[in-house]
Structure formats: structure tokens, C-alpha cells
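Source file protein-v8.csv; content: CSV, C-alpha atoms and all ligand atoms.
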```csv
chain,number,residue,atom,x,y,z
A,1,MET,CA,72.9,123.8,109.1
A,2,ALA,CA,75.2,123.7,106.2
A,3,PHE,CA,78.5,121.8,106.3
A,4,GLU,CA,81.7,123.8,106.0
A,5,LEU,CA,85.2,123.1,104.8
A,6,GLU,CA,87.7,123.5,107.6
A,7,ALA,CA,91.2,124.8,106.8
A,8,LEU,CA,94.0,122.3,106.6
A,9,PRO,CA,95.5,121.7,110.1
A,10,TYR,CA,99.0,122.4,108.6
A,11,ALA,CA,100.5,124.5,105.8
A,12,SER,CA,99.8,123.2,102.3
A,13,ASP,CA,103.5,122.6,101.8
A,14,ALA,CA,104.0,120.8,105.1
A,15,LEU,CA,103.8,117.4,103.6
A,16,GLU,CA,106.6,118.1,101.1
A,17,PRO,CA,108.4,116.2,99.6
A,18,HIS,CA,106.0,113.3,100.0
A,19,ILE,CA,102.8,115.2,99.0
A,20,ASP,CA,103.5,118.4,97.1
A,21,LYS,CA,102.0,121.8,97.8
A,22,ASP,CA,100.1,122.1,94.5
A,23,THR,CA,98.4,118.8,95.0
A,24,MET,CA,97.4,119.7,98.5
A,25,GLU,CA,96.0,123.1,97.5
A,26,ILE,CA,94.0,121.7,94.5
A,27,HIS,CA,92.9,118.7,96.5
A,28,HIS,CA,91.7,120.6,99.6
A,29,ASP,CA,90.7,124.0,98.2
A,30,ARG,CA,88.9,122.7,95.0
A,31,HIS,CA,88.1,119.0,95.3
A,32,HIS,CA,87.1,118.9,99.0
A,33,GLN,CA,85.3,122.2,98.7
A,34,ALA,CA,83.3,120.8,95.8
A,35,TYR,CA,82.2,117.8,97.9
A,36,VAL,CA,81.1,120.2,100.7
A,37,ASP,CA,79.2,122.5,98.3
A,38,ASN,CA,77.5,119.6,96.5
A,39,LEU,CA,76.6,117.8,99.8
A,40,ASN,CA,74.9,121.0,101.0
A,41,LYS,CA,73.0,121.3,97.7
A,42,ALA,CA,72.0,117.6,97.9
A,43,ILE,CA,70.6,117.8,101.4
A,44,ALA,CA,69.0,121.3,101.2
A,45,GLY,CA,65.5,121.1,102.5
A,46,THR,CA,65.7,117.5,103.6
A,47,ASP,CA,65.9,115.9,107.0
A,48,ALA,CA,69.6,115.2,106.4
A,49,GLU,CA,70.2,118.8,107.1
A,50,ASN,CA,69.8,118.1,110.8
A,51,LEU,CA,72.0,115.1,110.9
A,52,SER,CA,75.7,114.8,111.6
A,53,LEU,CA,78.0,113.8,108.8
A,54,GLU,CA,78.6,110.4,110.5
A,55,ASP,CA,74.9,109.7,110.8
A,56,ILE,CA,74.3,110.6,107.1
A,57,ASN,CA,77.1,108.1,106.1
A,58,LYS,CA,75.9,105.4,108.4
A,59,HIS,CA,72.4,105.4,106.8
A,60,ILE,CA,73.6,106.2,103.3
A,61,SER,CA,71.4,103.6,101.6
A,62,LYS,CA,68.4,105.9,102.4
A,63,TYR,CA,69.8,108.8,100.3
A,64,PRO,CA,70.3,109.5,96.6
A,65,ALA,CA,73.6,109.1,94.8
A,66,ALA,CA,74.5,112.8,95.2
A,67,VAL,CA,74.5,112.5,99.0
A,68,ARG,CA,76.4,109.2,98.9
A,69,ASN,CA,79.1,110.7,96.6
A,70,ASN,CA,79.5,114.0,98.3
A,71,GLY,CA,78.7,113.0,101.9
A,72,GLY,CA,81.3,110.3,101.5
A,73,GLY,CA,83.6,112.8,99.9
A,74,HIS,CA,83.3,115.3,102.7
A,75,PHE,CA,83.8,112.6,105.5
A,76,ASN,CA,86.7,110.9,103.7
A,77,HIS,CA,88.7,114.0,103.1
A,78,LYS,CA,88.1,115.4,106.6
A,79,LEU,CA,89.5,112.1,107.9
A,80,PHE,CA,92.4,112.1,105.4
A,81,TRP,CA,93.7,115.6,106.3
A,82,SER,CA,93.5,114.7,110.0
A,83,ILE,CA,95.6,111.6,109.8
A,84,LEU,CA,98.4,113.2,107.8
A,85,GLY,CA,101.0,115.6,109.1
A,86,PRO,CA,104.5,117.0,109.0
A,87,ASN,CA,107.3,115.2,110.8
A,88,ALA,CA,105.2,112.1,110.6
A,89,GLY,CA,105.7,108.6,109.3
A,90,GLY,CA,107.3,105.8,111.2
A,91,GLU,CA,105.1,103.3,113.1
A,92,PRO,CA,102.3,103.4,115.7
A,93,THR,CA,103.1,103.0,119.3
A,94,GLY,CA,101.2,101.8,122.4
A,95,GLU,CA,97.9,100.0,122.2
A,96,LEU,CA,97.5,100.5,118.5
A,97,ALA,CA,101.0,99.0,117.9
A,98,GLU,CA,99.9,95.9,120.0
A,99,ALA,CA,96.6,95.6,118.1
A,100,VAL,CA,98.5,95.8,114.7
A,101,LYS,CA,100.9,93.1,115.8
A,102,SER,CA,98.2,90.7,117.1
A,103,THR,CA,96.0,91.2,114.0
A,104,PHE,CA,98.6,91.4,111.2
A,105,GLY,CA,101.7,89.9,112.7
A,106,SER,CA,103.8,93.0,112.1
A,107,PHE,CA,103.5,96.7,111.0
A,108,ASP,CA,105.2,95.8,107.7
A,109,GLU,CA,102.4,93.4,107.0
A,110,LEU,CA,99.7,96.0,107.7
A,111,LYS,CA,101.6,98.4,105.4
A,112,THR,CA,101.7,95.8,102.7
A,113,GLN,CA,98.0,95.1,103.0
A,114,LEU,CA,97.1,98.8,102.9
A,115,GLN,CA,99.3,99.3,99.9
A,116,ASN,CA,97.8,96.3,98.1
A,117,ALA,CA,94.3,97.5,98.9
A,118,GLY,CA,95.0,100.9,97.4
A,119,ALA,CA,97.0,99.5,94.4
A,120,THR,CA,94.4,97.0,93.4
A,121,ARG,CA,91.3,99.3,93.8
A,122,PHE,CA,90.4,99.7,90.1
A,123,GLY,CA,89.6,103.3,89.2
A,124,SER,CA,89.0,105.7,92.1
A,125,GLY,CA,88.6,104.9,95.7
A,126,TRP,CA,90.1,104.5,99.1
A,127,ALA,CA,92.2,102.1,101.2
A,128,TRP,CA,91.2,101.8,104.9
A,129,LEU,CA,92.2,100.6,108.3
A,130,VAL,CA,89.0,100.0,110.3
A,131,VAL,CA,87.9,98.9,113.7
A,132,LYS,CA,85.1,96.5,113.2
A,133,ALA,CA,82.0,96.1,115.5
A,134,ASP,CA,83.8,93.3,117.3
A,135,GLY,CA,86.8,95.6,118.1
A,136,GLN,CA,89.1,93.9,115.6
A,137,LEU,CA,91.2,95.8,113.1
A,138,ALA,CA,90.8,95.1,109.4
A,139,VAL,CA,92.1,96.4,106.1
A,140,THR,CA,89.6,97.1,103.3
A,141,SER,CA,89.0,99.3,100.3
A,142,THR,CA,86.0,101.1,98.8
A,143,PRO,CA,85.1,102.5,95.4
A,144,ASN,CA,84.5,106.1,94.6
A,145,GLN,CA,83.7,108.1,97.8
A,146,ASP,CA,82.2,105.2,99.7
A,147,ASN,CA,83.6,104.4,103.1
A,148,PRO,CA,83.3,101.7,105.8
A,149,LEU,CA,80.8,103.7,107.8
A,150,MET,CA,78.3,103.3,105.1
A,151,ASP,CA,75.6,100.6,105.4
A,152,VAL,CA,76.4,99.6,101.8
A,153,ALA,CA,80.1,98.9,102.4
A,154,GLU,CA,81.4,95.3,101.9
A,155,VAL,CA,83.5,95.6,105.2
A,156,GLN,CA,81.9,97.8,107.7
A,157,GLY,CA,83.5,99.5,110.7
A,158,THR,CA,84.9,102.7,112.0
A,159,PRO,CA,87.7,104.0,109.8
A,160,ILE,CA,90.7,105.1,111.7
A,161,LEU,CA,93.0,105.6,108.6
A,162,GLY,CA,92.0,106.3,105.0
A,163,ILE,CA,94.3,106.7,102.0
A,164,ASP,CA,92.9,108.5,99.0
A,165,VAL,CA,93.8,106.7,95.8
A,166,TRP,CA,91.9,108.9,93.4
A,167,GLU,CA,94.3,110.2,90.7
A,168,HIS,CA,93.7,113.8,92.0
A,169,ALA,CA,95.5,112.7,95.2
A,170,TYR,CA,98.8,112.0,93.4
A,171,TYR,CA,98.8,112.6,89.7
A,172,LEU,CA,100.7,115.9,89.6
A,173,LYS,CA,103.8,114.5,91.3
A,174,TYR,CA,103.5,110.7,90.7
A,175,GLN,CA,101.6,110.6,87.4
A,176,ASN,CA,100.4,107.1,86.8
A,177,LYS,CA,102.7,105.6,89.5
A,178,ARG,CA,100.1,104.9,92.2
A,179,PRO,CA,102.4,102.5,94.0
A,180,ALA,CA,105.1,105.2,94.4
A,181,TYR,CA,102.5,107.5,96.0
A,182,LEU,CA,101.3,104.6,98.2
A,183,GLU,CA,104.9,104.3,99.4
A,184,ALA,CA,105.5,108.0,99.9
A,185,VAL,CA,102.2,108.7,101.7
A,186,PHE,CA,103.4,106.5,104.6
A,187,ASN,CA,106.0,109.1,105.4
A,188,ALA,CA,103.2,111.6,106.0
A,189,ILE,CA,100.9,109.4,108.2
A,190,ASN,CA,100.5,110.8,111.7
A,191,TRP,CA,100.2,107.6,113.8
A,192,ASP,CA,99.4,109.5,116.9
A,193,ALA,CA,96.2,110.8,115.2
A,194,VAL,CA,95.4,107.3,114.0
A,195,ALA,CA,96.0,106.0,117.6
A,196,GLN,CA,93.6,108.6,119.0
A,197,ARG,CA,90.9,107.5,116.5
A,198,PHE,CA,91.6,103.9,117.5
A,199,GLN,CA,90.9,104.7,121.2
A,200,GLU,CA,87.7,106.5,120.3
A,201,ALA,CA,86.5,103.6,118.1
A,202,LYS,CA,87.1,100.8,120.5
B,301,MN,MN,90.5,113.1,97.1
```
Serialized structure, C-alpha cells:
Amino acid sequence: MAFELEALPYASDALEPHIDKDTMEIHHDRHHQAYVDNLNKAIAGTDAENLSLEDINKHISKYPAAVRNNGGGHFNHKLFWSILGPNAGGEPTGELAEAVKSTFGSFDELKTQLQNAGATRFGSGWAWLVVKADGQLAVTSTPNQDNPLMDVAEVQGTPILGIDVWEHAYYLKYQNKRPAYLEAVFNAINWDAVAQRFQEAK
């Protein structure tokens, strides 16, 4: 069964002024669509057609580069849209807030580590907050469209927050100022959605 691109769960201008409408439309309608289309081409006629997107990512070392790049691209963007939202930002509450405090000391420290992970990722990639196999939170980053679900990732775990640091995620509004985007995107993070993923991952 072929994978499909779902509509954004909010209007393309809903994240203004933090992430602009043009960037959202090009990012979702063209870039994400291309990952979906190219993933479907790459797995056509193979066993991977019968697997979930998560299972393909977990066993990515078995597949060619086109599956890694586009299967990662589809998974990563699906997650990204789901953890952003209008009227968002702020800080997590509840159990996630407690886990952040016990792991990082404070929310500000988590934010700093995520921003550093994104800012120091050379070229294209992602910054992540993950739940590791032992249930602990960790911050990591991956190159290209890799993610922490992949059996090739340096730090493996279940991603509960991903921040896209490809230039296509910010260049129209922020040009070369990736740190400015990494500050603004925190105003669009839906921590309730991240907390729900945290509960599911534990
Ligand atoms: Mn992207």
C-alpha cells in the first residue's frame, strides 16, 4: 500500500509570524510530497511495501539509500508537523516537565541543548528530543533525513520532538540565520503533542 501525504493539521499561515506561510506551503506541499512520492517509488515491488513507516525506519540498514533518505524524510516531516501548532510555545507541563527537569536540570537547559544540536549540525539535518530504550530523555542530532529510530543512528530512541534544520525549513524568512529560526520555532512547539508522544514512548 502506498504512503500518502496527509494535509497539515492547521492552516499554512497558522504558525505566523514564527514560520511563514510560503515556507510552510513549499515545505509541506513540495518537499514533503517529494519524500512521499520518492519513498513509494523506492519500495515499489519490495517487501517494504507491507511494512509500517516506523518498521522501515527501524530496520533502515537493510534498505538502499533512496529508502533511507525518503523513508526518513516522510517520517521526520510527519512528526514535525504534528509537534508544531498555533497558540503554542511555552513549556511542557506534567510528567514531561518533571522528566525534563530531572534530566536537564531545567527547561532552559533543554532548549539550549536542542538549539545547539541544531545550530552545530553541519549542512542539513535534524535536532531531536528522544526517549531512549532505558526510558531516559536525550538530545541528539542526525544528518540529512536520518532519525533516531534508525538502526544506523548514533543515539537511538523514540523521537518525541524533531526540529528540521534544513535550509528549506527557514531560508525564505531567516536566510542564513539558522539560530534566529531555532529561537522562533520554539514559539510554535505544541508541548501537549510532545507530552503525548512522551507518554506513548515510555
Ligand atoms: Mn524539511
Which polymer residues have any atom within 9 Å of an atom of segment 120-131 of chain A, counting all atoms listed in the file, with same-chain residues fewer than 5 positions away left out, as a CSV table (one decimal) with C-alpha atoms, in the coordinates of the input?
```csv
chain,number,residue,atom,x,y,z
A,76,ASN,CA,86.7,110.9,103.7
A,110,LEU,CA,99.7,96.0,107.7
A,114,LEU,CA,97.1,98.8,102.9
A,115,GLN,CA,99.3,99.3,99.9
A,136,GLN,CA,89.1,93.9,115.6
A,137,LEU,CA,91.2,95.8,113.1
A,138,ALA,CA,90.8,95.1,109.4
A,139,VAL,CA,92.1,96.4,106.1
A,140,THR,CA,89.6,97.1,103.3
A,141,SER,CA,89.0,99.3,100.3
A,142,THR,CA,86.0,101.1,98.8
A,143,PRO,CA,85.1,102.5,95.4
A,144,ASN,CA,84.5,106.1,94.6
A,145,GLN,CA,83.7,108.1,97.8
A,146,ASP,CA,82.2,105.2,99.7
A,147,ASN,CA,83.6,104.4,103.1
A,148,PRO,CA,83.3,101.7,105.8
A,155,VAL,CA,83.5,95.6,105.2
A,156,GLN,CA,81.9,97.8,107.7
A,157,GLY,CA,83.5,99.5,110.7
A,158,THR,CA,84.9,102.7,112.0
A,159,PRO,CA,87.7,104.0,109.8
A,160,ILE,CA,90.7,105.1,111.7
A,161,LEU,CA,93.0,105.6,108.6
A,162,GLY,CA,92.0,106.3,105.0
A,163,ILE,CA,94.3,106.7,102.0
A,164,ASP,CA,92.9,108.5,99.0
A,165,VAL,CA,93.8,106.7,95.8
A,166,TRP,CA,91.9,108.9,93.4
A,167,GLU,CA,94.3,110.2,90.7
A,198,PHE,CA,91.6,103.9,117.5
A,201,ALA,CA,86.5,103.6,118.1
A,202,LYS,CA,87.1,100.8,120.5
```
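For the set A:Asp108, A:Glu98, A:Asp37, A:Glu183, the residue with the smallest atom-to-atom gap to Leu5 of chain A is A:Asp37, counting all atoms listed in the file.
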Checklist entry - Hey, which of A:Asp47, A:Glu95, A:Gly85, A:Asn70 ends up closest to Gln199 of chain A? Count only C-alpha atoms. => result A:Glu95
Checklist entry - If you count all atoms listed in the file, which residues fall within 9 Å of Val67 of chain A, apart from same-chain ones fewer than 2 positions away, as a PyMOL selection string? => result chain A and resi 38-40+42-43+56-57+60+63-65+69-72
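Counting all atoms listed in the file and comparing A:Lys62, A:Lys101, A:Arg30, A:Lys132, the residue that lies closest to ligand MN 301 (chain B) is A:Arg30.
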Item to check | Using only C-alpha atoms: which of A:Met150, A:Gly135, A:Phe104, A:Ala119 has the shortest distance to Pro179 of chain A | outcome: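 Closest to Pro179 of chain A, using only C-alpha atoms: A:Ala119.
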Next on the checklist: Considering all atoms listed in the file, can you say which of A:Tyr171, A:Lys111, A:Tyr35, A:Leu79 comes closest to Glu91 of chain A?
Outcome noted: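 Looking at the shortest contact to Glu91 of chain A, the residue is A:Lys111.
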Next on the checklist: Report as an MDAnalysis selection string all protein, DNA and RNA residues lying within 12 Å of Glu25 of chain A, evaluated on all atoms listed in the file, omitting residues in the same chain fewer than 2 positions from it.
Outcome noted: chainID A and resid 7:8 10:15 19:23 27:33 81 168:169 172
Item to check | Radius query 8 Å about (98.7, 104.7, 120.9), atoms used: all atoms listed in the file, as a ChimeraX atom specification | outcome: /A:92-97,191-192,195-196,198-199
